[in-house]
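Peer 1: Contents are mmCIF, C-alpha atoms; file name start-v4.cif:
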```
data_work
#
loop_
_atom_site.label_atom_id
_atom_site.label_comp_id
_atom_site.auth_asym_id
_atom_site.auth_seq_id
_atom_site.Cartn_x
_atom_site.Cartn_y
_atom_site.Cartn_z
CA MET A 1 96.43 97.86 111.53
CA LEU A 2 96.71 95.34 108.72
CA HIS A 3 93.80 92.96 108.28
CA ILE A 4 95.02 89.70 106.75
CA ALA A 5 92.84 86.75 105.77
CA ILE A 6 93.94 83.14 105.42
CA CYS A 7 91.69 80.88 103.34
CA ASP A 8 92.84 77.27 103.33
CA ASP A 9 91.14 73.97 104.17
CA GLU A 10 94.29 72.48 105.77
CA LYS A 11 94.03 73.38 109.46
CA ASP A 12 97.66 72.52 110.21
CA PHE A 13 98.88 74.82 107.45
CA VAL A 14 96.54 77.61 108.61
CA ALA A 15 98.03 77.36 112.12
CA HIS A 16 101.55 77.37 110.62
CA LEU A 17 100.91 80.47 108.46
CA ASN A 18 99.16 82.25 111.32
CA GLY A 19 102.24 81.66 113.46
CA LEU A 20 104.56 83.00 110.73
CA LEU A 21 102.46 86.15 110.36
CA HIS A 22 102.57 86.83 114.08
CA GLN A 23 106.32 86.23 114.05
CA PHE A 24 106.61 88.82 111.29
CA ALA A 25 104.46 91.24 113.30
CA ALA A 26 106.61 90.77 116.41
CA GLU A 27 109.84 91.34 114.46
CA THR A 28 108.67 94.39 112.53
CA GLY A 29 106.28 96.03 114.98
CA GLU A 30 103.42 95.80 112.50
CA GLU A 31 99.96 95.53 114.02
CA ILE A 32 98.02 92.76 112.32
CA LYS A 33 94.64 91.11 112.62
CA VAL A 34 94.24 87.64 111.09
CA THR A 35 90.87 86.23 110.02
CA VAL A 36 90.68 82.58 109.02
CA TYR A 37 88.36 80.95 106.47
CA TYR A 38 88.45 77.23 105.76
CA ASP A 39 86.83 77.27 102.31
CA GLY A 40 86.35 79.58 99.35
CA MET A 41 82.59 79.69 99.85
CA GLU A 42 83.01 80.78 103.47
CA LEU A 43 85.35 83.57 102.31
CA ILE A 44 82.80 84.75 99.73
CA GLU A 45 79.78 84.60 102.03
CA LYS A 46 81.51 86.22 105.03
CA TYR A 47 83.85 88.56 103.13
CA ASP A 48 84.93 91.65 105.04
CA THR A 49 85.92 94.66 102.92
CA THR A 50 88.37 95.84 105.60
CA ILE A 51 90.69 92.97 104.58
CA ASP A 52 93.95 94.25 103.08
CA LEU A 53 95.59 90.98 102.00
CA ILE A 54 94.38 87.41 101.44
CA PHE A 55 96.51 84.27 101.48
CA LEU A 56 94.30 82.08 99.32
CA ASP A 57 94.79 78.36 98.72
CA ILE A 58 93.98 77.35 95.15
CA GLN A 59 93.08 73.69 95.79
CA MET A 60 90.14 73.43 98.18
CA ARG A 61 87.34 70.89 98.25
CA LEU A 62 84.16 72.97 97.91
CA VAL A 63 84.98 76.26 96.17
CA ASN A 64 88.60 76.53 95.02
CA GLY A 65 90.74 79.63 95.32
CA LEU A 66 90.46 80.67 91.67
CA ARG A 67 86.66 80.72 91.75
CA ALA A 68 86.74 82.50 95.12
CA ALA A 69 89.14 85.13 93.75
CA GLU A 70 86.85 85.74 90.78
CA ARG A 71 83.95 86.50 93.14
CA ILE A 72 86.07 88.56 95.54
CA ARG A 73 87.36 90.78 92.73
CA LYS A 74 83.76 91.81 91.99
CA MET A 75 83.38 92.98 95.59
CA ASP A 76 86.86 94.37 96.17
CA GLU A 77 89.16 95.69 93.46
CA LYS A 78 92.01 96.62 95.77
CA VAL A 79 92.60 93.73 98.15
CA GLY A 80 95.94 91.95 97.72
CA ILE A 81 95.77 88.24 96.88
CA ILE A 82 98.66 85.82 97.33
CA PHE A 83 97.79 82.36 96.06
CA LEU A 84 98.99 79.25 97.87
CA THR A 85 99.49 76.04 95.90
CA THR A 86 101.58 72.91 95.46
CA LEU A 87 101.32 73.07 91.66
CA THR A 88 102.73 75.98 89.62
CA GLN A 89 100.33 75.59 86.69
CA TYR A 90 97.39 76.54 88.91
CA ALA A 91 99.23 79.53 90.29
CA LEU A 92 99.88 80.98 86.84
CA GLU A 93 96.15 80.91 86.12
CA GLY A 94 95.63 83.01 89.23
CA TYR A 95 97.19 86.08 87.64
CA LYS A 96 93.91 86.58 85.74
CA TYR A 97 92.52 87.82 89.06
CA GLN A 98 95.28 90.42 89.60
CA ALA A 99 97.14 88.26 92.10
CA THR A 100 99.97 89.93 93.97
CA ASN A 101 102.02 86.72 93.79
CA TYR A 102 101.86 83.00 94.45
CA ILE A 103 103.69 80.81 96.96
CA ILE A 104 104.49 77.15 96.44
CA LYS A 105 103.90 75.11 99.60
CA PRO A 106 105.47 74.29 102.00
CA LEU A 107 106.05 77.83 103.25
CA LYS A 108 109.09 78.93 105.24
CA TYR A 109 109.43 82.11 107.25
CA VAL A 110 112.07 83.65 104.99
CA ARG A 111 109.65 83.49 102.02
CA LEU A 112 106.73 84.81 104.06
CA LYS A 113 108.85 87.72 105.28
CA SER A 114 109.98 88.54 101.74
CA GLU A 115 106.39 88.49 100.44
CA MET A 116 105.11 90.67 103.28
CA GLU A 117 107.89 93.23 102.89
CA GLY A 118 107.32 93.45 99.14
CA TRP A 119 103.56 93.75 99.48
CA LEU A 120 103.78 96.35 102.26
CA LYS A 121 106.14 98.50 100.19
CA LYS A 122 103.75 98.52 97.24
CA HIS A 123 100.67 98.82 99.44
CA ARG A 124 101.99 101.94 101.16
CA LYS A 125 103.19 103.56 97.96
CA ASP A 126 99.75 103.17 96.44
CA ASP A 127 98.10 106.54 96.97
CA THR A 128 94.78 105.57 95.44
CA PHE A 129 91.62 105.64 97.50
CA ALA A 130 88.48 103.58 97.57
CA LEU A 131 84.83 103.91 98.54
CA VAL A 132 83.07 101.22 100.52
CA ILE A 133 79.52 100.92 99.18
CA THR A 134 76.73 98.88 100.76
CA ASN A 135 73.50 98.18 98.93
CA ASP A 136 70.85 95.46 98.63
CA THR A 137 73.20 93.18 96.69
CA GLY A 138 76.13 93.34 99.11
CA LYS A 139 79.18 95.36 100.12
CA TYR A 140 81.75 96.63 97.61
CA LYS A 141 85.15 98.31 97.86
CA VAL A 142 85.45 100.46 94.72
CA ALA A 143 88.72 102.07 93.66
CA LEU A 144 88.19 105.77 92.91
CA LYS A 145 90.32 105.51 89.78
CA SER A 146 87.74 103.11 88.29
CA ILE A 147 84.80 105.56 88.70
CA SER A 148 84.20 107.78 85.66
CA HIS A 149 81.19 109.64 87.03
CA ILE A 150 78.30 109.50 89.48
CA GLU A 151 74.71 110.47 88.81
CA THR A 152 71.44 110.61 90.70
CA PHE A 153 69.19 107.66 89.94
CA ASN A 154 65.71 107.12 91.41
CA ARG A 155 66.57 109.03 94.61
CA LYS A 156 69.81 107.08 94.86
CA LEU A 157 73.23 107.40 93.26
CA LEU A 158 74.59 105.36 90.38
CA LEU A 159 78.37 104.92 90.26
CA HIS A 160 79.64 104.32 86.73
CA THR A 161 82.80 102.20 86.96
CA GLU A 162 85.01 100.43 84.45
CA GLN A 163 83.52 97.08 85.46
CA GLU A 164 79.86 97.78 86.24
CA ASN A 165 77.36 100.33 87.54
CA ILE A 166 76.80 100.24 91.29
CA ILE A 167 73.85 101.62 93.25
CA CYS A 168 74.70 103.70 96.32
CA TYR A 169 72.28 105.01 98.97
CA LYS A 170 74.31 108.10 99.94
CA SER A 171 73.08 111.55 98.97
CA MET A 172 74.83 113.60 96.29
CA LYS A 173 75.85 116.11 98.97
CA GLU A 174 77.41 113.36 101.11
CA MET A 175 79.25 111.92 98.12
CA GLU A 176 80.53 115.33 97.05
CA LYS A 177 81.96 115.88 100.54
CA GLU A 178 83.57 112.44 100.63
CA LEU A 179 85.24 112.98 97.23
CA GLN A 180 86.45 116.50 98.00
CA ASP A 181 90.08 117.06 96.87
CA LYS A 182 90.25 113.63 95.23
CA GLY A 183 89.96 114.72 91.59
CA PHE A 184 86.14 114.72 91.41
CA VAL A 185 84.00 117.77 90.62
CA ARG A 186 80.26 118.42 90.95
CA CYS A 187 79.47 119.61 87.44
CA HIS A 188 75.67 119.54 87.69
CA THR A 189 72.98 119.12 90.33
CA SER A 190 72.76 115.48 89.30
CA TYR A 191 76.36 114.67 88.33
CA ILE A 192 79.86 114.34 89.77
CA VAL A 193 82.67 113.63 87.32
CA ASN A 194 86.17 112.19 87.72
CA LEU A 195 88.49 114.69 85.99
CA PHE A 196 90.78 111.88 84.88
CA TYR A 197 88.06 110.70 82.48
CA VAL A 198 87.35 114.10 80.90
CA LYS A 199 88.33 114.25 77.23
CA GLY A 200 86.88 117.66 76.38
CA ILE A 201 84.04 120.15 76.83
CA LYS A 202 81.68 121.45 74.16
CA LYS A 203 79.31 124.13 75.38
CA LEU A 204 77.35 122.39 78.17
CA ASP A 205 78.46 118.84 77.40
CA ILE A 206 81.43 117.04 78.96
CA GLU A 207 82.85 114.32 76.75
CA LEU A 208 84.49 111.45 78.59
CA ILE A 209 87.26 109.18 77.31
CA THR A 210 84.70 106.36 77.54
CA GLY A 211 82.69 108.06 74.78
CA GLU A 212 79.87 109.06 77.14
CA LYS A 213 78.60 112.62 77.45
CA ILE A 214 77.36 114.18 80.68
CA PRO A 215 76.01 117.70 81.26
CA VAL A 216 77.68 120.61 82.98
CA SER A 217 75.19 123.22 84.19
CA GLN A 218 75.62 126.88 83.30
CA PRO A 219 76.01 128.00 86.96
CA LYS A 220 78.74 125.40 87.57
CA ARG A 221 80.55 125.70 84.24
CA LYS A 222 83.00 128.45 85.26
CA GLU A 223 84.13 126.67 88.42
CA PHE A 224 84.32 123.37 86.57
CA MET A 225 86.54 124.87 83.86
CA GLU A 226 88.84 126.36 86.51
CA ARG A 227 89.15 123.03 88.33
CA LEU A 228 89.78 121.23 85.04
CA ALA A 229 92.44 123.79 84.05
CA ASP A 230 94.22 123.21 87.36
CA TYR A 231 94.00 119.45 86.84
CA TRP A 232 95.32 119.63 83.30
CA GLY A 233 98.05 122.11 84.27
CA ASP A 234 96.58 125.07 82.40
CA PHE A 235 96.26 122.99 79.24
CA ILE A 236 93.00 124.74 78.32
#
```
Could you take the file, read its structure, and then write that structure out as structure tokens?

Peer 2:
Amino acid sequence: MLHIAICDDEKDFVAHLNGLLHQFAAETGEEIKVTVYYDGMELIEKYDTTIDLIFLDIQMRLVNGLRAAERIRKMDEKVGIIFLTTLTQYALEGYKYQATNYIIKPLKYVRLKSEMEGWLKKHRKDDTFALVITNDTGKYKVALKSISHIETFNRKLLLHTEQENIICYKSMKEMEKELQDKGFVRCHTSYIVNLFYVKGIKKLDIELITGEKIPVSQPKRKEFMERLADYWGDFI
């Protein structure tokens, strides 16, 4: 099922778009769930990481769509965002937040159908995965490709991502199981590494393309080297 959010402070337009989405679902057989928010602040405060696509109005009274998108991107790297606007100059600014596209109002069904078909094609070709992490600061959907490594930290886990470091309350054993066969390897009692980020190995140090170094333990080194060789296609 696709979970689609509409965030717009014009109730008539929300009803119109909701109707178009259900028309698309009826024509294509897609199962959809639509959640409505009437302001950017409501979207931020009540954000649900199961959302796949957001139709987000740029011009809203309290918190506009651009500011809302900036906050949402910190919680969810993967969600699709299609901006809604009456002015093209605002829409172009929206691409800073990795927008899927923008639609100039008013919206007709033929355009909605085209946008949905294009987004679905890309969405289903995307074979990346994500972790949903909940901690004291909120809930985050983190793309696996953005995680360089994971380490134990004060009886918790610390996920090192391209954007920030995120605390996770899962155990290392649970995380290892969840990341099995996804390009991650337990290289040390306290570390899991994403093989994509590995630049090289010197003795018991793994050098990452980020410039960081993490340890590989002697008992795990042989298995790690074998997994890395498979990943690199027998490069080493």

Peer 1: Can you pull out every residue within 8 Å of Ile214 (chain A), counting all atoms listed in the file, but drop anything in the same chain fewer than 6 positions away, and send it as a PyMOL selection string?

Peer 2: chain A and resi 191+205-208

Peer 1: Okay, now the selection with C-alpha atoms, as a short mmCIF file (atom, residue, chain, number, x, y, z; two decimals), in the coordinates of the input?

Peer 2:
```
data_model
loop_
_atom_site.label_atom_id
_atom_site.label_comp_id
_atom_site.auth_asym_id
_atom_site.auth_seq_id
_atom_site.Cartn_x
_atom_site.Cartn_y
_atom_site.Cartn_z
CA TYR A 191 76.36 114.67 88.33
CA ASP A 205 78.46 118.84 77.40
CA ILE A 206 81.43 117.04 78.96
CA GLU A 207 82.85 114.32 76.75
CA LEU A 208 84.49 111.45 78.59
#
```

Peer 1: Of the candidates A:Ala130, A:Thr49, A:Ser190, A:Lys173, which shows the shortest atom-to-atom distance to Phe153 (chain A), using only C-alpha atoms?

Peer 2: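 Nearest to Phe153 (chain A): A:Ser190.
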
Peer 1: Given the file shown, enumerate the residues that the PyMOL selection byres ((chain A and resi 7) around 10) captures and present them as a ChimeraX atom specification.

Peer 2: /A:5-6,8-11,14,35-43,54-58,60,64-65,68,83-84

Peer 1: Residues near region 76-81 of chain A, anyone? I mean within 10 Å using all atoms listed in the file, not counting same-chain ones fewer than 2 positions away, as a PyMOL selection string.

Peer 2: chain A and resi 4-5+47-56+69+71-74+83-84+94-95+97-102+119+123+128-130+132+139-143+146+163

Peer 1: Near Lys203 (chain A), counting all atoms listed in the file, which residues have an atom at most 10 Å away, once you skip same-chain residues fewer than 6 positions from it, shown as a PyMOL selection string?

Peer 2: chain A and resi 215-218+221

Peer 1: Quick one: distance from CA of Ile166 (chain A) to CA of Glu178 (chain A) in Å, one decimal?

Peer 2: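 It comes out at 16.8 Å.
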
Peer 1: Between A:Val63, A:Met75, A:Ala15, A:Ile32, which is the closest to Leu2 (chain A) once you count only C-alpha atoms?

Peer 2: A:Ile32

Peer 1: For the structure provided, state which residues fall under the PyMOL selection byres ((chain A and resi 19) around 12), and present them as a list of chain:residue names.

Peer 2: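 Selected by the PyMOL selection byres ((chain A and resi 19) around 12) here: A:Ile6, A:Asp12, A:Phe13, A:Val14, A:Ala15, A:His16, A:Leu17, A:Asn18, A:Leu20, A:Leu21, A:His22, A:Gln23, A:Phe24, A:Ala25, A:Ala26, A:Ile32, A:Val34, A:Leu107, A:Lys108, A:Tyr109, A:Leu112.
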
Peer 1: I need the output of the PyMOL selection byres ((chain A and resi 182) around 12) for this file as a ChimeraX atom specification; which residues are they?

Peer 2: /A:127-131,143-145,147,175-181,183-186,192-196,227,231

Peer 1: Using only C-alpha atoms, determine which residues lie at most 8 Å from Tyr197 (chain A), disregarding the query and same-chain residues fewer than 5 positions distant; provide the list as a PDB file with C-alpha atoms, in the frame of the given file.

Peer 2:
```
ATOM      1  CA  SER A 148      84.200 107.780  85.660  1.00  0.00           C
ATOM      2  CA  LEU A 208      84.490 111.450  78.590  1.00  0.00           C
ATOM      3  CA  ILE A 209      87.260 109.180  77.310  1.00  0.00           C
ATOM      4  CA  THR A 210      84.700 106.360  77.540  1.00  0.00           C
TER       5      THR A 210
END
```

Peer 1: In Å, how far is it from CA of Leu66 (chain A) to CA of Leu158 (chain A)?

Peer 2: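 Spanning CA of Leu66 (chain A) to CA of Leu158 (chain A) is a straight-line distance of 29.4 Å.
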
Peer 1: Restricting the calculation to all atoms listed in the file: of A:Lys121, A:Lys105, A:Lys199, A:Lys33, which residue gets closest to Thr86 (chain A)?

Peer 2: A:Lys105

Peer 1: Which distance in Å separates CA of Met1 (chain A) and CA of Lys122 (chain A), to one decimal?

Peer 2: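 Here the two named atoms are 16.1 Å from each other.
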
Peer 1: Which polymer residues, whether protein, DNA or RNA, lie within 10 Å of the coordinate (74.4, 98.3, 91.2) when you count all atoms listed in the file? List them as a PyMOL selection string, using the chain letters and numbers from the file.

Peer 2: chain A and resi 133-138+140+157-160+164-168
